[in-house]
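See below for start_6.cif, which holds mmCIF, C-alpha atoms.
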data_entry
#
loop_
_atom_site.group_PDB
_atom_site.id
_atom_site.type_symbol
_atom_site.label_atom_id
_atom_site.label_comp_id
_atom_site.auth_asym_id
_atom_site.auth_seq_id
_atom_site.Cartn_x
_atom_site.Cartn_y
_atom_site.Cartn_z
ATOM 1 C CA MET A 26 6.459 264.844 195.848
ATOM 2 C CA ASP A 27 8.713 262.480 194.055
ATOM 3 C CA ASP A 28 10.342 261.486 197.339
ATOM 4 C CA PHE A 29 6.977 260.944 198.968
ATOM 5 C CA SER A 30 5.748 258.860 196.075
ATOM 6 C CA ALA A 31 8.873 256.750 196.224
ATOM 7 C CA PHE A 32 8.420 256.303 199.976
ATOM 8 C CA MET A 33 4.822 255.239 199.620
ATOM 9 C CA GLN A 34 5.735 252.885 196.831
ATOM 10 C CA GLY A 35 8.389 251.290 199.031
ATOM 11 C CA GLU A 36 5.961 250.984 201.925
ATOM 12 C CA GLY A 37 3.403 249.317 199.689
ATOM 13 C CA GLN A 38 5.922 246.776 198.478
ATOM 14 C CA ALA A 39 6.922 245.969 202.095
ATOM 15 C CA ILE A 40 3.311 245.458 203.074
ATOM 16 C CA ILE A 41 2.723 243.194 200.128
ATOM 17 C CA LEU A 42 5.837 241.246 201.037
ATOM 18 C CA VAL A 43 4.677 240.809 204.637
ATOM 19 C CA ILE A 44 1.231 239.721 203.490
ATOM 20 C CA GLY A 45 2.818 237.240 201.129
ATOM 21 C CA VAL A 46 5.000 235.820 203.880
ATOM 22 C CA LEU A 47 1.990 235.473 206.188
ATOM 23 C CA ILE A 48 0.024 233.694 203.487
ATOM 24 C CA LEU A 49 2.946 231.378 202.824
ATOM 25 C CA VAL A 50 3.338 230.573 206.536
ATOM 26 C CA SER A 51 -0.381 229.911 206.826
ATOM 27 C CA LEU A 52 -0.257 227.621 203.816
ATOM 28 C CA LEU A 53 2.718 225.772 205.232
ATOM 29 C CA ARG A 54 0.954 225.337 208.573
ATOM 30 C CA SER A 55 -2.112 223.955 206.861
ATOM 31 C CA MET A 56 -0.013 221.667 204.715
ATOM 32 C CA VAL A 57 2.318 220.198 207.317
ATOM 33 C CA ARG A 58 0.663 218.344 210.215
ATOM 34 C CA ALA A 59 2.341 216.611 213.173
ATOM 35 C CA VAL A 60 -0.034 213.764 214.099
ATOM 36 C CA LYS A 61 0.364 212.305 217.621
ATOM 37 C CA GLU A 62 0.544 208.597 218.377
ATOM 38 C CA TYR A 63 -3.076 208.397 219.571
ATOM 39 C CA GLU A 64 -4.469 210.566 216.739
ATOM 40 C CA ARG A 65 -5.416 209.958 213.113
ATOM 41 C CA LEU A 66 -6.225 212.318 210.233
ATOM 42 C CA VAL A 67 -9.196 211.421 208.050
ATOM 43 C CA ILE A 68 -8.466 212.967 204.627
ATOM 44 C CA PHE A 69 -11.158 214.007 202.141
ATOM 45 C CA PHE A 70 -10.024 214.859 198.601
ATOM 46 C CA ILE A 71 -12.417 217.335 197.008
ATOM 47 C CA GLY A 72 -15.222 216.122 199.280
ATOM 48 C CA ARG A 73 -14.623 212.395 198.914
ATOM 49 C CA PHE A 74 -12.982 210.174 201.495
ATOM 50 C CA SER A 75 -9.382 209.547 200.516
ATOM 51 C CA THR A 76 -7.345 207.966 203.312
ATOM 52 C CA VAL A 77 -6.426 207.930 206.980
ATOM 53 C CA ARG A 78 -2.995 209.333 207.857
ATOM 54 C CA GLY A 79 -0.833 209.307 210.955
ATOM 55 C CA PRO A 80 0.812 209.125 213.314
ATOM 56 C CA GLY A 81 3.893 211.245 212.553
ATOM 57 C CA LEU A 82 4.536 214.084 210.089
ATOM 58 C CA THR A 83 2.051 214.258 207.231
ATOM 59 C CA PHE A 84 1.131 216.714 204.458
ATOM 60 C CA VAL A 85 -2.281 218.007 203.484
ATOM 61 C CA ILE A 86 -2.689 219.714 200.120
ATOM 62 C CA PRO A 87 -4.399 223.064 200.630
ATOM 63 C CA PHE A 88 -7.756 223.781 198.971
ATOM 64 C CA VAL A 89 -8.200 220.252 197.609
ATOM 65 C CA GLU A 90 -7.743 218.139 200.751
ATOM 66 C CA GLN A 91 -9.608 218.488 204.040
ATOM 67 C CA ALA A 92 -8.448 216.791 207.253
ATOM 68 C CA PHE A 93 -10.453 215.760 210.355
ATOM 69 C CA LYS A 94 -8.566 214.798 213.502
ATOM 70 C CA ILE A 95 -9.806 211.713 215.404
ATOM 71 C CA ASP A 96 -8.718 210.778 218.958
ATOM 72 C CA MET A 97 -8.124 207.009 219.196
ATOM 73 C CA ARG A 98 -7.717 206.819 222.976
ATOM 74 C CA GLU A 99 -10.250 205.160 225.260
ATOM 75 C CA ARG A 100 -12.585 207.797 226.626
ATOM 76 C CA PHE A 101 -15.752 207.872 228.677
ATOM 77 C CA LEU A 102 -19.163 209.465 228.686
ATOM 78 C CA ASP A 103 -20.662 210.583 231.973
ATOM 79 C CA ILE A 104 -24.375 209.965 231.498
ATOM 80 C CA PRO A 105 -26.341 212.081 234.009
ATOM 81 C CA GLN A 106 -29.127 210.574 236.067
ATOM 82 C CA GLN A 107 -31.905 209.159 233.918
ATOM 83 C CA THR A 108 -35.387 208.229 235.074
ATOM 84 C CA ALA A 109 -36.395 204.698 234.103
ATOM 85 C CA ILE A 110 -39.439 202.553 234.887
ATOM 86 C CA THR A 111 -38.912 198.919 235.840
ATOM 87 C CA LYS A 112 -40.996 195.972 234.717
ATOM 88 C CA ASP A 113 -43.063 196.174 237.927
ATOM 89 C CA ASN A 114 -43.755 199.910 237.322
ATOM 90 C CA ALA A 115 -41.273 201.349 239.835
ATOM 91 C CA SER A 116 -39.684 204.666 238.879
ATOM 92 C CA ILE A 117 -35.962 204.864 239.632
ATOM 93 C CA GLY A 118 -33.080 207.191 238.789
ATOM 94 C CA ILE A 119 -29.852 205.780 237.342
ATOM 95 C CA ASP A 120 -26.616 207.451 236.292
ATOM 96 C CA PHE A 121 -23.744 205.552 234.699
ATOM 97 C CA LEU A 122 -20.482 205.763 232.776
ATOM 98 C CA VAL A 123 -19.825 204.514 229.242
ATOM 99 C CA TYR A 124 -16.214 203.788 228.198
ATOM 100 C CA TYR A 125 -15.540 203.648 224.466
ATOM 101 C CA ARG A 126 -12.838 203.716 221.792
ATOM 102 C CA ILE A 127 -12.963 204.723 218.131
ATOM 103 C CA MET A 128 -11.695 201.707 216.219
ATOM 104 C CA ASN A 129 -12.425 202.915 212.663
ATOM 105 C CA PRO A 130 -11.776 206.644 212.067
ATOM 106 C CA GLU A 131 -13.370 206.490 208.610
ATOM 107 C CA LEU A 132 -16.725 205.186 209.903
ATOM 108 C CA ALA A 133 -16.674 207.554 212.900
ATOM 109 C CA THR A 134 -16.372 210.464 210.422
ATOM 110 C CA THR A 135 -18.486 209.390 207.479
ATOM 111 C CA LYS A 136 -21.326 207.395 209.120
ATOM 112 C CA VAL A 137 -22.418 209.739 211.907
ATOM 113 C CA GLU A 138 -22.346 213.489 212.390
ATOM 114 C CA ASN A 139 -21.097 213.399 215.987
ATOM 115 C CA ALA A 140 -20.184 209.941 217.248
ATOM 116 C CA VAL A 141 -19.807 210.974 220.900
ATOM 117 C CA SER A 142 -23.143 212.802 221.079
ATOM 118 C CA ALA A 143 -24.897 209.986 219.221
ATOM 119 C CA THR A 144 -23.470 207.424 221.663
ATOM 120 C CA ALA A 145 -24.663 209.458 224.655
ATOM 121 C CA ASN A 146 -28.182 209.661 223.253
ATOM 122 C CA ILE A 147 -28.370 205.987 222.340
ATOM 123 C CA ALA A 148 -27.068 205.087 225.808
ATOM 124 C CA THR A 149 -30.002 206.811 227.547
ATOM 125 C CA THR A 150 -32.630 205.127 225.356
ATOM 126 C CA THR A 151 -30.957 201.731 225.689
ATOM 127 C CA LEU A 152 -30.905 202.133 229.483
ATOM 128 C CA ARG A 153 -34.658 202.722 229.603
ATOM 129 C CA ALA A 154 -35.291 199.722 227.341
ATOM 130 C CA VAL A 155 -33.136 197.408 229.443
ATOM 131 C CA ILE A 156 -34.530 198.552 232.790
ATOM 132 C CA GLY A 157 -38.078 198.196 231.449
ATOM 133 C CA ASP A 158 -37.547 194.433 231.123
ATOM 134 C CA ILE A 159 -36.263 193.942 234.694
ATOM 135 C CA VAL A 160 -38.136 194.038 238.005
ATOM 136 C CA LEU A 161 -36.977 196.397 240.749
ATOM 137 C CA ASP A 162 -35.448 193.716 242.978
ATOM 138 C CA ASP A 163 -33.266 192.484 240.119
ATOM 139 C CA VAL A 164 -32.249 196.042 239.213
ATOM 140 C CA LEU A 165 -30.997 196.545 242.761
ATOM 141 C CA SER A 166 -29.325 193.159 243.155
ATOM 142 C CA LYS A 167 -28.000 192.347 239.651
ATOM 143 C CA ARG A 168 -26.020 195.449 238.758
ATOM 144 C CA GLU A 169 -23.186 193.550 237.084
ATOM 145 C CA GLN A 170 -25.575 191.702 234.780
ATOM 146 C CA ILE A 171 -27.269 194.979 233.803
ATOM 147 C CA ASN A 172 -23.835 196.464 233.034
ATOM 148 C CA ASP A 173 -23.076 193.569 230.689
ATOM 149 C CA ILE A 174 -26.464 193.828 228.959
ATOM 150 C CA LEU A 175 -26.026 197.570 228.400
ATOM 151 C CA ARG A 176 -22.495 197.097 227.067
ATOM 152 C CA VAL A 177 -23.561 194.428 224.569
ATOM 153 C CA LYS A 178 -26.560 196.393 223.293
ATOM 154 C CA LEU A 179 -24.622 199.661 222.972
ATOM 155 C CA ASP A 180 -21.759 197.899 221.234
ATOM 156 C CA GLU A 181 -24.149 196.374 218.695
ATOM 157 C CA THR A 182 -25.509 199.843 217.892
ATOM 158 C CA THR A 183 -22.251 201.798 217.798
ATOM 159 C CA GLU A 184 -20.332 199.185 215.830
ATOM 160 C CA ARG A 185 -21.589 200.712 212.569
ATOM 161 C CA TRP A 186 -20.030 204.014 213.642
ATOM 162 C CA GLY A 187 -16.603 202.462 214.068
ATOM 163 C CA MET A 188 -16.793 202.584 217.865
ATOM 164 C CA LYS A 189 -16.179 199.911 220.498
ATOM 165 C CA ILE A 190 -17.981 200.067 223.866
ATOM 166 C CA THR A 191 -15.484 198.580 226.310
ATOM 167 C CA THR A 192 -17.230 199.023 229.670
ATOM 168 C CA VAL A 193 -20.511 200.231 231.146
ATOM 169 C CA GLU A 194 -20.621 200.975 234.864
ATOM 170 C CA ILE A 195 -23.792 201.935 236.732
ATOM 171 C CA ARG A 196 -22.657 204.455 239.307
ATOM 172 C CA GLU A 197 -25.781 205.018 241.384
ATOM 173 C CA ILE A 198 -29.354 203.755 241.577
ATOM 174 C CA ASP A 199 -31.839 206.018 243.325
ATOM 175 C CA PRO A 200 -35.164 204.263 244.127
ATOM 176 C CA PRO A 201 -38.218 206.253 245.280
ATOM 177 C CA LYS A 202 -38.462 207.174 248.965
ATOM 178 C CA ALA A 203 -41.436 204.873 249.631
ATOM 179 C CA ILE A 204 -39.634 201.914 248.061
ATOM 180 C CA LEU A 205 -36.476 202.764 249.996
ATOM 181 C CA GLU A 206 -38.414 202.749 253.282
ATOM 182 C CA SER A 207 -40.033 199.441 252.331
ATOM 183 C CA MET A 208 -36.606 198.005 251.533
ATOM 184 C CA ASN A 209 -35.297 199.136 254.920
ATOM 185 C CA ARG A 210 -38.228 197.447 256.671
ATOM 186 C CA GLN A 211 -37.647 194.318 254.608
ATOM 187 C CA MET A 212 -33.947 194.319 255.484
ATOM 188 C CA SER A 213 -34.792 194.733 259.169
ATOM 189 C CA ALA A 214 -37.271 191.853 258.993
ATOM 190 C CA GLU A 215 -34.694 189.738 257.163
ATOM 191 C CA ARG A 216 -32.088 190.455 259.856
ATOM 192 C CA ASP A 217 -34.609 189.487 262.557
ATOM 193 C CA ARG A 218 -35.441 186.307 260.651
ATOM 194 C CA ARG A 219 -31.782 185.399 260.344
ATOM 195 C CA ALA A 220 -31.293 186.035 264.056
ATOM 196 C CA GLU A 221 -34.227 183.739 264.856
ATOM 197 C CA VAL A 222 -32.906 181.076 262.512
ATOM 198 C CA THR A 223 -29.447 181.327 264.031
ATOM 199 C CA ARG A 224 -30.864 181.084 267.559
ATOM 200 C CA ALA A 225 -33.068 178.118 266.594
ATOM 201 C CA GLU A 226 -30.114 176.363 264.984
ATOM 202 C CA GLY A 227 -28.057 176.984 268.103
ATOM 203 C CA GLU A 228 -30.782 175.557 270.335
ATOM 204 C CA ARG A 229 -31.186 172.567 268.031
ATOM 205 C CA GLU A 230 -27.456 171.878 268.031
ATOM 206 C CA ALA A 231 -27.377 172.233 271.838
ATOM 207 C CA ALA A 232 -30.304 169.787 272.182
ATOM 208 C CA ILE A 233 -28.572 167.346 269.853
ATOM 209 C CA ALA A 234 -25.358 167.671 271.836
ATOM 210 C CA ARG A 235 -27.231 167.052 275.119
ATOM 211 C CA ALA A 236 -29.059 164.059 273.641
ATOM 212 C CA GLN A 237 -25.815 162.646 272.300
ATOM 213 C CA GLY A 238 -24.153 163.180 275.663
ATOM 214 C CA GLN A 239 -27.022 161.448 277.464
ATOM 215 C CA LYS A 240 -26.936 158.637 274.939
ATOM 216 C CA GLN A 241 -23.210 158.172 275.419
ATOM 217 C CA SER A 242 -23.687 158.270 279.189
ATOM 218 C CA GLU A 243 -26.401 155.599 279.019
ATOM 219 C CA ILE A 244 -24.261 153.501 276.700
ATOM 220 C CA LEU A 245 -21.291 153.756 279.056
ATOM 221 C CA SER A 246 -23.524 152.976 282.080
ATOM 222 C CA SER A 247 -25.020 149.966 280.291
ATOM 223 C CA GLU A 248 -21.601 148.768 279.265
ATOM 224 C CA GLY A 249 -20.405 149.234 282.855
ATOM 225 C CA LYS A 250 -23.336 147.226 284.210
ATOM 226 C CA LYS A 251 -22.766 144.535 281.627
ATOM 227 C CA GLU A 252 -19.081 144.300 282.450
ATOM 228 C CA SER A 253 -19.944 144.221 286.181
ATOM 229 C CA GLN A 254 -22.445 141.396 285.643
ATOM 230 C CA ILE A 255 -19.912 139.548 283.498
ATOM 231 C CA LEU A 256 -17.276 139.928 286.202
ATOM 232 C CA GLU A 257 -19.767 138.856 288.907
ATOM 233 C CA ALA A 258 -20.841 135.817 286.875
ATOM 234 C CA GLU A 259 -17.213 135.008 286.210
ATOM 235 C CA GLY A 260 -16.535 135.238 289.972
ATOM 236 C CA ASP A 261 -19.475 132.962 290.755
ATOM 237 C CA ARG A 262 -18.321 130.501 288.125
ATOM 238 C CA GLN A 263 -14.799 130.532 289.533
ATOM 239 C CA ALA A 264 -16.147 130.082 293.069
ATOM 240 C CA GLN A 265 -18.394 127.194 292.030
ATOM 241 C CA LEU A 266 -15.511 125.654 290.162
ATOM 242 C CA LEU A 267 -13.284 125.955 293.194
ATOM 243 C CA ARG A 268 -15.998 124.496 295.467
ATOM 244 C CA ALA A 269 -16.546 121.642 293.007
ATOM 245 C CA GLN A 270 -12.829 121.009 292.841
ATOM 246 C CA GLY A 271 -12.623 121.057 296.659
ATOM 247 C CA TYR A 272 -15.587 118.682 296.966
ATOM 248 C CA ALA A 273 -14.090 116.406 294.332
ATOM 249 C CA ALA A 274 -10.781 116.460 296.158
ATOM 250 C CA SER A 275 -12.599 115.624 299.404
ATOM 251 C CA LEU A 276 -14.431 112.732 297.785
ATOM 252 C CA ALA A 277 -11.175 111.528 296.286
ATOM 253 C CA ALA A 278 -9.521 111.658 299.707
ATOM 254 C CA ILE A 279 -12.461 109.839 301.333
ATOM 255 C CA HIS A 280 -12.381 107.236 298.623
ATOM 256 C CA GLU A 281 -8.657 106.864 299.058
ATOM 257 C CA GLN A 282 -9.080 106.315 302.774
ATOM 258 C CA ALA A 283 -12.243 104.205 302.490
ATOM 259 C CA LYS A 284 -10.768 101.603 300.174
ATOM 260 C CA ASP A 285 -8.580 100.306 303.035
ATOM 261 C CA ILE A 286 -11.434 100.038 305.562
ATOM 262 C CA ASP A 287 -12.514 96.409 306.297
ATOM 263 C CA THR A 288 -15.777 95.044 307.681
ATOM 264 C CA LYS A 289 -14.489 95.134 311.255
ATOM 265 C CA THR A 290 -13.909 98.829 311.093
ATOM 266 C CA MET A 291 -17.355 99.324 309.611
ATOM 267 C CA ALA A 292 -18.883 97.174 312.338
ATOM 268 C CA LEU A 293 -17.189 99.227 315.001
ATOM 269 C CA GLN A 294 -18.473 102.393 313.385
ATOM 270 C CA TYR A 295 -21.983 100.955 313.382
ATOM 271 C CA MET A 296 -21.622 99.957 317.039
ATOM 272 C CA GLU A 297 -20.632 103.459 317.985
ATOM 273 C CA MET A 298 -23.602 104.720 316.043
ATOM 274 C CA LEU A 299 -25.963 102.322 317.857
ATOM 275 C CA GLU A 300 -24.598 103.497 321.166
ATOM 276 C CA LYS A 301 -25.420 107.079 320.234
ATOM 277 C CA VAL A 302 -28.860 106.090 318.986
ATOM 278 C CA GLY A 303 -29.551 104.170 322.163
ATOM 279 C CA SER A 304 -28.677 107.102 324.332
ATOM 280 C CA SER A 305 -31.226 109.309 322.572
ATOM 281 C CA SER A 306 -34.810 109.788 323.820
ATOM 282 C CA SER A 307 -36.382 108.602 320.569
ATOM 283 C CA THR A 308 -38.583 105.469 320.730
ATOM 284 C CA LYS A 309 -38.193 104.549 317.080
ATOM 285 C CA PHE A 310 -34.975 103.447 315.460
ATOM 286 C CA VAL A 311 -34.133 102.942 311.800
ATOM 287 C CA LEU A 312 -31.311 100.516 311.200
ATOM 288 C CA PRO A 313 -29.740 99.976 307.786
ATOM 289 C CA MET A 314 -29.995 96.531 306.189
ATOM 290 C CA GLU A 315 -26.247 96.302 305.929
ATOM 291 C CA LEU A 316 -25.985 96.331 309.726
ATOM 292 C CA THR A 317 -27.419 92.829 310.147
ATOM 293 C CA SER A 318 -25.081 91.275 307.644
ATOM 294 C CA ILE A 319 -22.115 93.070 309.175
ATOM 295 C CA MET A 320 -23.102 91.945 312.684
ATOM 296 C CA GLN A 321 -23.516 88.323 311.554
ATOM 297 C CA ASN A 322 -20.074 88.338 310.004
ATOM 298 C CA LEU A 323 -18.647 89.992 313.075
ATOM 299 C CA LEU A 324 -20.253 87.415 315.476
ATOM 300 C CA LYS A 325 -18.899 84.558 313.428
ATOM 301 C CA LYS A 326 -15.404 85.856 313.679
ATOM 302 C CA LEU A 327 -15.392 86.990 317.326
ATOM 303 C CA PRO A 328 -15.549 84.652 320.349
ATOM 304 C CA ILE A 329 -18.967 84.678 321.955
ATOM 305 C CA HIS A 330 -17.665 85.279 325.470
ATOM 306 C CA ASN A 331 -16.211 88.597 324.418
ATOM 307 C CA ILE A 332 -19.621 90.034 323.540
ATOM 308 C CA LYS A 333 -21.330 91.993 326.292
ATOM 309 C CA LEU A 334 -25.070 92.247 325.971
#

Have the structure of the file written as structure tokens, please.
Amino acid sequence: MDDFSAFMQGEGQAIILVIGVLILVSLLRSMVRAVKEYERLVIFFIGRFSTVRGPGLTFVIPFVEQAFKIDMRERFLDIPQQTAITKDNASIGIDFLVYYRIMNPELATTKVENAVSATANIATTTLRAVIGDIVLDDVLSKREQINDILRVKLDETTERWGMKITTVEIREIDPPKAILESMNRQMSAERDRRAEVTRAEGEREAAIARAQGQKQSEILSSEGKKESQILEAEGDRQAQLLRAQGYAASLAAIHEQAKDIDTKTMALQYMEMLEKVGSSSSTKFVLPMELTSIMQNLLKKLPIHNIKL
């Protein structure tokens, strides 16, 4: 019995020792924390906020200090499709992504129970409020502007929780089937309209090009006619000038020759003329006045017996 009692006593001491070691290891694990670069520890001392620790190796006093780990990396919330009603009473489905970062670990721990869940809920209500102020056509065509409006409004709300909304991206917009069919018909009509406009513009440009070509042709033809008339007039002028010069030269030659002619020569010319007139069948004769004076002078100078009547 004594041996058994001693054995049991030894076993009990070993168990107590093991339990003590386990408790010590557990205490050490709870005391010593390795905080990563993107993490922070929010420390509460007997229920009151104390400090924010990390990154690196840090110590937490058991039983009196309580630590909450906060991830400081940028993360995102996948908001499932939400039904929203536009300003013109069209019901559409929208799903989107919200990217955020925790900038103040103290506020994210002390000001809201669950910052991520609260942000997801406020995102859905903000979406409905924003879409309710926009007509359907703008919702479909101004996605980037809606993203910016959502980001600003969410950031204003979550700022008090120590969070920063970095980006909001609408992933898909699902309009009702009837509206989608109407949009397809509208797009088809718009394509037809653009085709008609393009064809009309092409015809207009072709008509303008033809008119310009005809205009240029008429201008060139008119210029050609004008140049032809100018050249013809210039030719006539040159011809007239040459004729006038020839006539003037002829008159000059006649004058040059006539200045040496005396009255005898003129009388002989008149006599030849009278002979031709006399041989004609006409009964009336017109004689110049100069002929009588020339004949008188000629008779005075010539012997009378030389004249044959």

Item to complete: For the structure shown, which residues end up in the PyMOL selection byres ((chain A and resi 78) around 8)? Put them as a ChimeraX atom specification, please?
Response: /A:65-68,76-77,79-80,83

Worksheet item: Which neighbours of Leu82 (chain A) fall inside 12 Å, counting only C-alpha atoms, when residues of the same chain fewer than 3 positions from it are skipped, and could you give them as a PyMOL selection string?
Response: chain A and resi 54+56-62+64-66+78-79+85

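For the choices A:Ile244, A:Val193, A:Leu267, A:Val160, the atom-to-atom distance to Ala109 (chain A) is smallest for A:Val160 when using only C-alpha atoms.
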
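The residue that comes closest to Asp158 (chain A), out of A:Asp113, A:Asp199, A:Asp120, A:Glu206 and on the basis of only C-alpha atoms, is A:Asp113.
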
Worksheet item: A:Ile233, A:Val177, A:Ala115, A:Leu132: which is nearest Ile95 (chain A), counting all atoms listed in the file?
Response: A:Leu132

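CA of Thr182 (chain A) is found 15.8 Å from CA of Leu102 (chain A).
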
Selection in question (the file shown): the PyMOL selection byres ((chain A and resi 142) around 12). Which residues does it include, as a compact mmCIF listing (two decimals) with C-alpha atoms, in the frame of the given file?
# COMPACT_ATOMS: atom_id res chain seq x y z
CA PHE A 101 -15.75 207.87 228.68
CA LEU A 102 -19.16 209.46 228.69
CA ASP A 103 -20.66 210.58 231.97
CA ILE A 104 -24.38 209.96 231.50
CA ALA A 133 -16.67 207.55 212.90
CA VAL A 137 -22.42 209.74 211.91
CA GLU A 138 -22.35 213.49 212.39
CA ASN A 139 -21.10 213.40 215.99
CA ALA A 140 -20.18 209.94 217.25
CA VAL A 141 -19.81 210.97 220.90
CA ALA A 143 -24.90 209.99 219.22
CA THR A 144 -23.47 207.42 221.66
CA ALA A 145 -24.66 209.46 224.66
CA ASN A 146 -28.18 209.66 223.25
CA ILE A 147 -28.37 205.99 222.34
CA ALA A 148 -27.07 205.09 225.81
CA THR A 149 -30.00 206.81 227.55
CA THR A 183 -22.25 201.80 217.80
CA TRP A 186 -20.03 204.01 213.64

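One distance worth recording is that between CA of Leu122 (chain A) and CA of Glu181 (chain A), which is 17.3 Å.
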
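One finds CA of Tyr124 (chain A) at 28.4 Å from CA of Phe69 (chain A).
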
Discussion item. Please enumerate the residues selected by the PyMOL selection byres ((chain A and resi 118) around 9) when evaluated against the supplied file, formatted as a PyMOL selection string.
Written reply: chain A and resi 106-110+116-117+119-120+197-201

Please save C-alpha atoms of the selected residues as a PDB file, keeping the file's coordinate frame.
ATOM      1  CA  GLN A 106     -29.127 210.574 236.067  1.00  0.00           C
ATOM      2  CA  GLN A 107     -31.905 209.159 233.918  1.00  0.00           C
ATOM      3  CA  THR A 108     -35.387 208.229 235.074  1.00  0.00           C
ATOM      4  CA  ALA A 109     -36.395 204.698 234.103  1.00  0.00           C
ATOM      5  CA  ILE A 110     -39.439 202.553 234.887  1.00  0.00           C
ATOM      6  CA  SER A 116     -39.684 204.666 238.879  1.00  0.00           C
ATOM      7  CA  ILE A 117     -35.962 204.864 239.632  1.00  0.00           C
ATOM      8  CA  ILE A 119     -29.852 205.780 237.342  1.00  0.00           C
ATOM      9  CA  ASP A 120     -26.616 207.451 236.292  1.00  0.00           C
ATOM     10  CA  GLU A 197     -25.781 205.018 241.384  1.00  0.00           C
ATOM     11  CA  ILE A 198     -29.354 203.755 241.577  1.00  0.00           C
ATOM     12  CA  ASP A 199     -31.839 206.018 243.325  1.00  0.00           C
ATOM     13  CA  PRO A 200     -35.164 204.263 244.127  1.00  0.00           C
ATOM     14  CA  PRO A 201     -38.218 206.253 245.280  1.00  0.00           C
TER      15      PRO A 201
END

Discussion item. List as a PyMOL selection string the protein and nucleic acid residues near Phe88 (chain A), meaning an atom at most 10 Å away when all atoms listed in the file are counted, but skip any in the same chain fewer than 5 places from it.
Written reply: chain A and resi 52+55-56+70-71

Selection from above, C-alpha atoms, as a CSV table (one decimal), in the frame of the given file, can you write it?
chain,number,residue,atom,x,y,z
A,52,LEU,CA,-0.3,227.6,203.8
A,55,SER,CA,-2.1,224.0,206.9
A,56,MET,CA,0.0,221.7,204.7
A,70,PHE,CA,-10.0,214.9,198.6
A,71,ILE,CA,-12.4,217.3,197.0
